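The structure file my_file_6.pdb is reproduced below (PDB, C-alpha atoms).
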```pdb
ATOM      1  CA  MET A 589      14.731  26.916 -15.787
ATOM      2  CA  LYS A 590      12.981  23.593 -16.249
ATOM      3  CA  LYS A 591       9.203  23.595 -15.979
ATOM      4  CA  LEU A 592       7.082  21.213 -13.930
ATOM      5  CA  ASN A 593       4.794  20.372 -16.829
ATOM      6  CA  TYR A 594       7.801  18.905 -18.631
ATOM      7  CA  PHE A 595       8.703  16.816 -15.604
ATOM      8  CA  THR A 596       5.120  15.634 -15.263
ATOM      9  CA  ALA A 597       5.482  14.019 -18.676
ATOM     10  CA  CYS A 598       8.872  12.388 -18.146
ATOM     11  CA  MET A 599       8.928  11.633 -14.408
ATOM     12  CA  LEU A 600       7.156   9.401 -11.974
ATOM     13  CA  LEU A 601       5.932  11.647  -9.168
ATOM     14  CA  ALA A 602       6.156   9.766  -5.900
ATOM     15  CA  SER A 603       5.621  11.276  -2.454
ATOM     16  CA  ALA A 604       8.310  13.923  -2.171
ATOM     17  CA  THR A 605      10.435  12.351  -4.896
ATOM     18  CA  PHE A 606      10.666  12.803  -8.672
ATOM     19  CA  PHE A 607      12.315   9.932 -10.489
ATOM     20  CA  ALA A 608      13.941  11.283 -13.620
ATOM     21  CA  CYS A 609      13.966   9.592 -17.009
ATOM     22  CA  GLU A 610      17.350   7.916 -16.633
ATOM     23  CA  SER A 611      19.509   5.696 -18.788
ATOM     24  CA  ASP A 612      19.512   1.912 -18.351
ATOM     25  CA  GLN A 613      23.084   2.138 -17.115
ATOM     26  CA  VAL A 614      22.163   4.453 -14.265
ATOM     27  CA  MET A 615      19.165   2.353 -13.289
ATOM     28  CA  LYS A 616      21.224  -0.835 -13.182
ATOM     29  CA  GLU A 617      23.558   0.803 -10.699
ATOM     30  CA  GLU A 618      20.594   1.356  -8.384
ATOM     31  CA  THR A 619      19.192  -2.179  -8.442
ATOM     32  CA  VAL A 620      18.244  -3.484  -4.997
ATOM     33  CA  SER A 621      19.205  -7.108  -4.313
ATOM     34  CA  PRO A 622      16.535  -9.827  -4.647
ATOM     35  CA  GLU A 623      16.943 -10.613  -0.933
ATOM     36  CA  VAL A 624      16.121  -7.048   0.084
ATOM     37  CA  MET A 625      13.236  -6.905  -2.397
ATOM     38  CA  ALA A 626      11.823 -10.087  -0.858
ATOM     39  CA  ARG A 627      12.156  -8.652   2.641
ATOM     40  CA  LEU A 628      10.435  -5.408   1.658
ATOM     41  CA  THR A 629       7.615  -7.385   0.047
ATOM     42  CA  ASP A 630       7.247  -9.525   3.169
ATOM     43  CA  LEU A 631       7.026  -6.377   5.289
ATOM     44  CA  GLY A 632       4.183  -5.086   3.109
ATOM     45  CA  PHE A 633       5.955  -2.289   1.245
ATOM     46  CA  ASP A 634       5.045  -1.588  -2.370
ATOM     47  CA  VAL A 635       7.975  -2.605  -4.577
ATOM     48  CA  THR A 636       6.050  -2.901  -7.850
ATOM     49  CA  ASP A 637       4.651   0.511  -8.712
ATOM     50  CA  GLN A 638       7.621   2.246  -7.048
ATOM     51  CA  ALA A 639      10.891   0.346  -7.225
ATOM     52  CA  PRO A 640      13.144   0.811  -4.158
ATOM     53  CA  LEU A 641      16.481   2.553  -4.693
ATOM     54  CA  ILE A 642      19.907   2.184  -3.149
ATOM     55  CA  PHE A 643      20.140   5.370  -1.067
ATOM     56  CA  GLU A 644      22.712   6.659   1.432
ATOM     57  CA  GLU A 645      23.459   3.753   3.829
ATOM     58  CA  GLY A 646      20.259   1.909   2.984
ATOM     59  CA  TYR A 647      17.238   2.104   0.696
ATOM     60  CA  LEU A 648      14.649   4.649  -0.434
ATOM     61  CA  VAL A 649      11.266   2.920  -0.326
ATOM     62  CA  GLU A 650       7.921   4.124  -1.702
ATOM     63  CA  GLY A 651       9.441   7.397  -2.798
ATOM     64  CA  ASP A 652      10.602   8.989   0.441
ATOM     65  CA  ILE A 653      10.922   6.422   3.254
ATOM     66  CA  TYR A 654      14.522   5.808   4.266
ATOM     67  CA  LEU A 655      15.286   2.353   5.687
ATOM     68  CA  THR A 656      18.566   0.665   6.578
ATOM     69  CA  ASP A 657      19.372  -3.042   6.773
ATOM     70  CA  ALA A 658      19.073  -2.754  10.560
ATOM     71  CA  ASP A 659      15.555  -1.319  10.173
ATOM     72  CA  LEU A 660      14.539  -4.183   7.903
ATOM     73  CA  ALA A 661      15.955  -6.757  10.305
ATOM     74  CA  ARG A 662      13.922  -5.568  13.297
ATOM     75  CA  MET A 663      10.610  -4.922  11.556
ATOM     76  CA  LYS A 664       7.787  -7.432  11.813
ATOM     77  CA  ALA A 665       5.924  -8.729   8.788
ATOM     78  CA  GLY A 666       3.433  -6.242   7.409
ATOM     79  CA  VAL A 667      -0.206  -6.601   6.488
ATOM     80  CA  ARG A 668      -2.672  -5.025   4.092
ATOM     81  CA  VAL A 669      -5.210  -2.714   5.660
ATOM     82  CA  PRO A 670      -8.768  -1.577   4.885
ATOM     83  CA  VAL A 671      -9.596   1.677   3.180
ATOM     84  CA  GLU A 672      -9.428   4.661   5.522
ATOM     85  CA  GLU A 673      -8.308   8.258   5.186
ATOM     86  CA  GLN A 674      -5.474   9.094   7.598
ATOM     87  CA  TYR A 675      -2.845   6.791   9.070
ATOM     88  CA  SER A 676      -0.202   6.901  11.763
ATOM     89  CA  THR A 677       2.669   4.630  12.737
ATOM     90  CA  ASN A 678       2.719   2.596  15.942
ATOM     91  CA  ASN A 679       5.452   4.812  17.377
ATOM     92  CA  LEU A 680       4.557   8.439  18.021
ATOM     93  CA  VAL A 681       6.447  11.336  19.570
ATOM     94  CA  THR A 682       6.138  11.614  23.345
ATOM     95  CA  THR A 683       4.997  15.154  24.118
ATOM     96  CA  GLY A 684       4.710  15.442  27.888
ATOM     97  CA  GLY A 685       1.911  17.900  27.087
ATOM     98  CA  ASN A 686       4.169  20.408  25.343
ATOM     99  CA  ARG A 687       7.225  19.407  23.360
ATOM    100  CA  VAL A 688       9.319  21.708  21.205
ATOM    101  CA  ILE A 689      11.059  19.817  18.386
ATOM    102  CA  THR A 690      14.149  21.652  17.211
ATOM    103  CA  VAL A 691      15.127  21.585  13.541
ATOM    104  CA  TYR A 692      18.483  22.563  12.062
ATOM    105  CA  ALA A 693      19.277  23.218   8.406
ATOM    106  CA  PRO A 694      22.654  24.532   7.195
ATOM    107  CA  GLU A 695      22.519  27.734   5.166
ATOM    108  CA  GLU A 696      24.633  28.389   2.078
ATOM    109  CA  SER A 697      26.764  30.940   3.847
ATOM    110  CA  SER A 698      27.246  28.830   6.974
ATOM    111  CA  GLY A 699      29.616  26.260   5.485
ATOM    112  CA  GLY A 700      27.687  23.750   7.581
ATOM    113  CA  GLY A 701      26.610  20.102   7.248
ATOM    114  CA  GLY A 702      25.000  18.230   4.443
ATOM    115  CA  LYS A 703      26.454  16.481   1.474
ATOM    116  CA  GLY A 704      26.516  17.778  -2.060
ATOM    117  CA  LYS A 705      28.428  20.990  -2.517
ATOM    118  CA  LYS A 706      26.179  22.549  -5.100
ATOM    119  CA  GLY A 707      24.929  26.024  -4.287
ATOM    120  CA  GLY A 708      27.181  28.391  -2.397
ATOM    121  CA  GLY A 709      29.889  25.741  -2.198
ATOM    122  CA  SER A 710      28.929  24.979   1.404
ATOM    123  CA  GLY A 711      26.468  22.141   1.090
ATOM    124  CA  GLY A 712      23.936  24.454   2.730
ATOM    125  CA  TYR A 713      20.520  25.619   1.612
ATOM    126  CA  SER A 714      19.521  28.742  -0.297
ATOM    127  CA  PRO A 715      17.423  31.489   1.328
ATOM    128  CA  GLY A 716      14.439  30.130  -0.610
ATOM    129  CA  MET A 717      14.854  26.667   0.918
ATOM    130  CA  ILE A 718      15.229  28.126   4.405
ATOM    131  CA  ALA A 719      12.101  30.218   3.809
ATOM    132  CA  GLY A 720      10.288  27.006   2.834
ATOM    133  CA  LEU A 721      11.422  25.313   6.045
ATOM    134  CA  ASP A 722      10.289  28.308   8.107
ATOM    135  CA  LEU A 723       6.885  28.254   6.400
ATOM    136  CA  ALA A 724       6.535  24.508   7.045
ATOM    137  CA  ILE A 725       7.333  25.096  10.716
ATOM    138  CA  SER A 726       4.841  27.956  10.971
ATOM    139  CA  ARG A 727       2.099  25.785   9.459
ATOM    140  CA  TYR A 728       2.541  23.199  12.200
ATOM    141  CA  ASN A 729       2.851  25.780  14.968
ATOM    142  CA  ALA A 730      -0.343  27.525  13.857
ATOM    143  CA  GLN A 731      -2.278  24.361  14.796
ATOM    144  CA  ASN A 732      -1.524  24.823  18.533
ATOM    145  CA  LEU A 733      -0.600  21.181  19.026
ATOM    146  CA  GLU A 734       1.214  19.491  21.904
ATOM    147  CA  ILE A 735       4.220  19.483  19.607
ATOM    148  CA  SER A 736       5.717  22.582  18.043
ATOM    149  CA  PHE A 737       8.801  23.150  15.919
ATOM    150  CA  GLN A 738      11.619  25.637  16.225
ATOM    151  CA  ARG A 739      14.463  26.213  13.759
ATOM    152  CA  VAL A 740      17.827  26.475  15.481
ATOM    153  CA  THR A 741      21.186  27.688  14.205
ATOM    154  CA  SER A 742      23.296  24.756  15.383
ATOM    155  CA  SER A 743      23.017  21.040  14.688
ATOM    156  CA  SER A 744      24.242  20.296  18.214
ATOM    157  CA  ASN A 745      21.407  18.573  20.095
ATOM    158  CA  ALA A 746      18.861  19.411  17.377
ATOM    159  CA  ASP A 747      16.009  16.891  17.286
ATOM    160  CA  ILE A 748      15.847  16.879  13.478
ATOM    161  CA  VAL A 749      18.752  17.786  11.220
ATOM    162  CA  MET A 750      17.895  18.625   7.619
ATOM    163  CA  THR A 751      20.887  17.656   5.520
ATOM    164  CA  ARG A 752      21.619  18.324   1.878
ATOM    165  CA  LEU A 753      21.427  15.409  -0.528
ATOM    166  CA  ASN A 754      24.610  14.686  -2.420
ATOM    167  CA  LYS A 755      24.905  15.702  -6.069
ATOM    168  CA  ARG A 756      24.325  12.165  -7.298
ATOM    169  CA  ASP A 757      20.929  11.886  -5.598
ATOM    170  CA  GLU A 758      19.938  15.395  -6.648
ATOM    171  CA  ARG A 759      20.792  14.560 -10.271
ATOM    172  CA  ARG A 760      18.692  11.402 -10.244
ATOM    173  CA  GLY A 761      15.713  13.385  -9.006
ATOM    174  CA  VAL A 762      15.383  12.593  -5.311
ATOM    175  CA  LEU A 763      13.657  15.483  -3.542
ATOM    176  CA  GLY A 764      13.486  14.291   0.050
ATOM    177  CA  SER A 765      13.372  11.407   2.486
ATOM    178  CA  ALA A 766      12.700  10.743   6.164
ATOM    179  CA  GLY A 767      11.870   7.951   8.597
ATOM    180  CA  PHE A 768       9.454   7.354  11.468
ATOM    181  CA  PRO A 769       9.543   8.045  15.239
ATOM    182  CA  THR A 770      11.677   5.867  17.498
ATOM    183  CA  ALA A 771      10.370   3.344  20.013
ATOM    184  CA  SER A 772      11.516   5.704  22.771
ATOM    185  CA  GLY A 773       9.157   8.448  21.564
ATOM    186  CA  ASP A 774      11.551  10.721  19.729
ATOM    187  CA  PRO A 775      10.985  12.085  16.205
ATOM    188  CA  TYR A 776      13.061  10.632  13.405
ATOM    189  CA  GLY A 777      16.286  12.585  13.545
ATOM    190  CA  GLU A 778      17.117  13.406   9.933
ATOM    191  CA  ILE A 779      15.472  14.738   6.816
ATOM    192  CA  LYS A 780      17.412  14.500   3.574
ATOM    193  CA  MET A 781      16.380  17.271   1.197
ATOM    194  CA  SER A 782      17.415  18.299  -2.279
ATOM    195  CA  GLY A 783      18.889  21.766  -2.609
ATOM    196  CA  VAL A 784      17.732  22.319  -6.193
ATOM    197  CA  LEU A 785      13.969  22.567  -5.744
ATOM    198  CA  GLU A 786      14.067  26.146  -7.025
ATOM    199  CA  SER A 787      16.778  25.970  -9.662
ATOM    200  CA  SER A 788      15.852  22.614 -11.237
ATOM    201  CA  TYR A 789      12.107  22.393 -10.572
ATOM    202  CA  GLY A 790      11.059  26.009 -10.226
ATOM    203  CA  LEU A 791       9.163  25.398  -6.992
ATOM    204  CA  SER A 792       7.749  28.303  -5.016
ATOM    205  CA  THR A 793       8.378  28.825  -1.306
ATOM    206  CA  ALA A 794       4.948  27.309  -0.621
ATOM    207  CA  GLY A 795       5.708  24.278  -2.788
ATOM    208  CA  ILE A 796       9.012  23.747  -0.976
ATOM    209  CA  ALA A 797       7.244  24.136   2.376
ATOM    210  CA  THR A 798       4.747  21.442   1.401
ATOM    211  CA  ILE A 799       7.490  18.915   0.628
ATOM    212  CA  ILE A 800       9.424  19.699   3.813
ATOM    213  CA  ALA A 801       6.215  19.549   5.899
ATOM    214  CA  HIS A 802       5.481  16.150   4.335
ATOM    215  CA  GLU A 803       8.853  14.789   5.487
ATOM    216  CA  MET A 804       8.338  16.363   8.916
ATOM    217  CA  GLY A 805       5.003  14.520   9.004
ATOM    218  CA  HIS A 806       6.795  11.199   8.559
ATOM    219  CA  CYS A 807       9.237  12.144  11.340
ATOM    220  CA  VAL A 808       6.354  12.503  13.804
ATOM    221  CA  GLY A 809       4.461   9.409  12.698
ATOM    222  CA  PHE A 810       2.240  10.075   9.694
ATOM    223  CA  ARG A 811       1.868   7.592   6.864
ATOM    224  CA  HIS A 812       0.588   8.592   3.429
ATOM    225  CA  THR A 813      -3.032   9.741   3.267
ATOM    226  CA  ASP A 814      -3.674   7.485   0.272
ATOM    227  CA  TYR A 815      -1.729   4.673   1.912
ATOM    228  CA  PHE A 816      -4.308   2.079   0.878
ATOM    229  CA  ASP A 817      -4.189   3.086  -2.799
ATOM    230  CA  ARG A 818      -1.265   5.159  -4.071
ATOM    231  CA  SER A 819      -2.912   5.473  -7.483
ATOM    232  CA  ILE A 820      -5.143   8.194  -6.001
ATOM    233  CA  SER A 821      -2.259  10.676  -6.142
ATOM    234  CA  CYS A 822       0.321   8.775  -8.195
ATOM    235  CA  GLY A 823      -1.797   7.331 -11.010
ATOM    236  CA  GLY A 824      -1.335   3.837 -12.404
ATOM    237  CA  GLY A 825      -2.856   0.686 -10.953
ATOM    238  CA  THR A 826      -4.242   0.251  -7.450
ATOM    239  CA  SER A 827      -1.415  -0.193  -4.954
ATOM    240  CA  ASN A 828      -1.793  -0.743  -1.204
ATOM    241  CA  GLU A 829       1.453   0.099   0.596
ATOM    242  CA  GLY A 830       0.843  -2.287   3.502
ATOM    243  CA  ASP A 831       1.858  -1.389   7.053
ATOM    244  CA  GLY A 832       5.551  -2.055   6.446
ATOM    245  CA  GLY A 833       5.967  -3.474   9.932
ATOM    246  CA  VAL A 834       5.765   0.033  11.432
ATOM    247  CA  GLY A 835       1.993   0.279  11.678
ATOM    248  CA  ALA A 836      -0.767   1.969   9.727
ATOM    249  CA  ASN A 837      -3.374   2.963  12.270
ATOM    250  CA  HIS A 838      -6.514   4.739  11.157
ATOM    251  CA  ILE A 839      -6.911   8.132  12.813
ATOM    252  CA  PRO A 840     -10.461   8.537  14.171
ATOM    253  CA  GLY A 841     -12.465  11.423  12.809
ATOM    254  CA  THR A 842     -10.963  11.263   9.340
ATOM    255  CA  PRO A 843     -13.254  10.114   6.525
ATOM    256  CA  THR A 844     -13.188   6.866   4.624
ATOM    257  CA  GLY A 845     -11.429   7.186   1.290
ATOM    258  CA  ALA A 846      -9.104   9.847  -0.064
ATOM    259  CA  THR A 847      -9.056  12.121  -3.094
ATOM    260  CA  ALA A 848      -6.266  13.931  -4.882
ATOM    261  CA  SER A 849      -8.500  17.001  -5.079
ATOM    262  CA  ALA A 850      -8.524  17.298  -1.256
ATOM    263  CA  LYS A 851      -4.754  17.974  -1.505
ATOM    264  CA  SER A 852      -3.694  16.456   1.805
ATOM    265  CA  TRP A 853      -0.105  17.319   2.681
ATOM    266  CA  MET A 854       0.599  13.600   3.210
ATOM    267  CA  LEU A 855      -0.576  12.307  -0.185
ATOM    268  CA  ALA A 856       1.958   9.832  -1.566
ATOM    269  CA  CYS A 857       2.654  11.837  -4.731
ATOM    270  CA  THR A 858       3.155  15.516  -5.409
ATOM    271  CA  ASP A 859       3.125  17.820  -8.412
ATOM    272  CA  GLY A 860       5.257  20.358  -6.563
ATOM    273  CA  GLY A 861       2.311  22.621  -5.762
ATOM    274  CA  ASP A 862       1.170  24.160  -2.490
ATOM    275  CA  ARG A 863      -0.728  21.851  -0.116
ATOM    276  CA  PRO A 864      -1.366  23.485   3.270
ATOM    277  CA  PHE A 865      -3.245  21.407   5.852
ATOM    278  CA  ASN A 866      -6.838  20.732   4.856
ATOM    279  CA  ASN A 867      -9.648  20.126   7.382
ATOM    280  CA  ASP A 868      -9.011  16.382   7.585
ATOM    281  CA  ASP A 869      -5.274  16.965   7.998
ATOM    282  CA  ARG A 870      -6.005  19.280  10.925
ATOM    283  CA  THR A 871      -8.309  16.665  12.456
ATOM    284  CA  ALA A 872      -5.538  14.081  12.202
ATOM    285  CA  LEU A 873      -2.915  16.415  13.666
ATOM    286  CA  ASN A 874      -5.166  17.362  16.579
ATOM    287  CA  TYR A 875      -6.026  13.748  17.318
ATOM    288  CA  LEU A 876      -2.394  12.610  17.488
ATOM    289  CA  TYR A 877      -0.953  15.733  19.111
TER     290      TYR A 877
END
```

Structure translated into structure tokens:
Amino acid sequence: MKKLNYFTACMLLASATFFACESDQVMKEETVSPEVMARLTDLGFDVTDQAPLIFEEGYLVEGDIYLTDADLARMKAGVRVPVEEQYSTNNLVTTGGNRVITVYAPEESSGGGGKGKKGGGSGGYSPGMIAGLDLAISRYNAQNLEISFQRVTSSSNADIVMTRLNKRDERRGVLGSAGFPTASGDPYGEIKMSGVLESSYGLSTAGIATIIAHEMGHCVGFRHTDYFDRSISCGGGTSNEGDGGVGANHIPGTPTGATASAKSWMLACTDGGDRPFNNDDRTALNYLY
């Protein structure tokens, strides 16, 4: 089993994504067009410290944000923002005072959805991955918010469907991706997750739960905690993500600045460890929901 300390040396850790040390040939296949790069730059996304990738039917931006050409076309130009701790998007989930968000993930034995047939031959997730999802859900539900999550056994009418990445994306080191809430107040409807977090990275149930909870956070409107400077959790030079045309609104009650040592669940980069909600995370969750 590969060890995380090895991957720390040879990978760029970005949000819920590890980018493996790949050959030039593989990287050339993933080059985003200059036109799309220009559009992402205009919207305020960071394309320097974290190069966008061709992903599914669109692009993987800043490590774990999935955007399509249609998304890019309707977004307004982004801006840089001042230093603050927690951020949300303009669109949030409408709760009506008490909203249960259902989540579906295919299990290995189910033969259900998701691409990439590695593990059980079904494209589903191992018991360890499902345990991680259940722990992520329980962490949110323990906060007694106006939103709660419930795992369901059918993808029919599920609010969020967690689908297995294909083998190609798992091999190149993508761990997960998600988008932001819709203008109509619904959570983003899909989380793409790797199915090899245990076998290839040796992550614990708690580590898996942290990554899934991070993507769930995007689905309900959270931006990265170190949005204004990704180097706090990712290293390298100072890099402000910009609002990306979707908003980056400071959440009142959260402190100015951010630190990697505080281990917010929405830090841009991860080492695969356990990051349950800290006090500032709970403040942000309670303010929004």

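Selection check: the PyMOL selection byres ((chain A and resi 719) around 12) on the shown file gives Ala693, Glu695, Tyr713, Ser714, Pro715, Gly716, Met717, Ile718, Gly720, Leu721, Asp722, Leu723, Ala724, Ile725, Ser726, Arg739, Glu786, Ser792, Thr793, Ala794, Gly795, Ile796, Ala797, Thr798 and Ile800 of chain A.
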
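For the choices A:Asn867, A:Gln738, A:Thr629, A:Thr636, the atom-to-atom distance to A:Gly651 is smallest for A:Thr636 when using all atoms listed in the file.
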
Near A:Asp814, within 7 Å and counting all atoms listed in the file, which residues show up once chain neighbours fewer than 5 positions away are dropped, as a compact mmCIF listing (two decimals) with C-alpha atoms, keeping the file's coordinate frame?
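Output contents, as saved in around16.txt:
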```txt
# COMPACT_ATOMS: atom_id res chain seq x y z
CA GLU A 673 -8.31 8.26 5.19
CA ILE A 820 -5.14 8.19 -6.00
CA ALA A 846 -9.10 9.85 -0.06
CA LEU A 855 -0.58 12.31 -0.18
CA ALA A 856 1.96 9.83 -1.57
```

Worksheet item: Between atom CA of A:Val691 and atom CA of A:Ser736, what is the spacing in Å?
Response: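 Computed distance, atom CA of A:Ser736 to atom CA of A:Val691, equals 10.5 Å.
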
Practice prompt. Could you jot down the atom CA of A:His806 to atom CA of A:Lys755 separation for me, Å, one decimal place?
Written response: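 So the answer is 23.7 Å.
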
Worksheet, complete the sentence: The residue from A:Tyr789, A:Tyr728, A:Tyr647, A:Phe737 with the smallest atom-to-atom distance to A:Pro864, counting only C-alpha atoms, is A:Tyr728

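If you measure from each of A:Asp634, A:Glu734, A:Glu696, A:Asp652 to A:Thr682 using all atoms listed in the file, the closest one turns out to be A:Glu734.
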
Worksheet item: Got a sec: who's within 10 Å of A:Ala771, counting only C-alpha atoms, leaving out chain neighbours fewer than 6 positions off, as a list of chain:residue names?
Response: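 Skipping anything fewer than 6 positions along the chain leaves A:Asn678, A:Asn679, A:Leu680, A:Val681, A:Thr682.
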
Worksheet item: Got a sec to check which residues sit within 6 Å of (18.3, 18.3, -2.2), counting all atoms listed in the file, and write them as a list in words?
Response: Arg752, Leu753, Glu758, Leu763, Met781, Ser782, Gly783 and Val784 of chain A

Kindly export the residues of the current selection with C-alpha atoms, as a PDB file, keeping the file's coordinate frame.
```pdb
ATOM      1  CA  ARG A 752      21.619  18.324   1.878  1.00  0.00           C
ATOM      2  CA  LEU A 753      21.427  15.409  -0.528  1.00  0.00           C
ATOM      3  CA  GLU A 758      19.938  15.395  -6.648  1.00  0.00           C
ATOM      4  CA  LEU A 763      13.657  15.483  -3.542  1.00  0.00           C
ATOM      5  CA  MET A 781      16.380  17.271   1.197  1.00  0.00           C
ATOM      6  CA  SER A 782      17.415  18.299  -2.279  1.00  0.00           C
ATOM      7  CA  GLY A 783      18.889  21.766  -2.609  1.00  0.00           C
ATOM      8  CA  VAL A 784      17.732  22.319  -6.193  1.00  0.00           C
TER       9      VAL A 784
END
```

Item to complete: Determine, counting only C-alpha atoms, which protein, DNA and RNA residues have an atom within 12 Å of an atom of A:Leu660; residues of the same chain fewer than 6 positions away are not included. Present the result as an NGL selection string.
Response: :A and (623-633 or 646-647 or 649 or 654 or 666 or 832-834)

Worksheet item: Which of these, A:Gln638, A:Asn754, A:Tyr875, A:Ile779, has the shortest distance to A:Cys857 once you count all atoms listed in the file?
Response: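 With all atoms listed in the file as the atom set, the closest residue is A:Gln638.
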
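Shortest atom-to-atom contact with A:His838 among A:Thr813, A:Tyr675, A:Asp869, A:Glu645: A:Tyr675, counting only C-alpha atoms.
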
Practice prompt. Can you work out the spacing between atom CA of A:Gly861 and atom CA of A:Thr741 in Å, to one decimal?
Written response: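 It comes out at 27.9 Å.
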
Discussion item. Residues within 7 Å of A:Phe810, please, as a ChimeraX atom specification. Count only C-alpha atoms; anything in the same chain fewer than 2 positions from it doesn't count.
Written reply: /A:675-677,805-806,808,812

Worksheet entry | Top pick for closest residue to A:Phe865, considering A:Asn745, A:Thr770, A:Thr751, A:Asn729 and counting only C-alpha atoms | A:Asn729
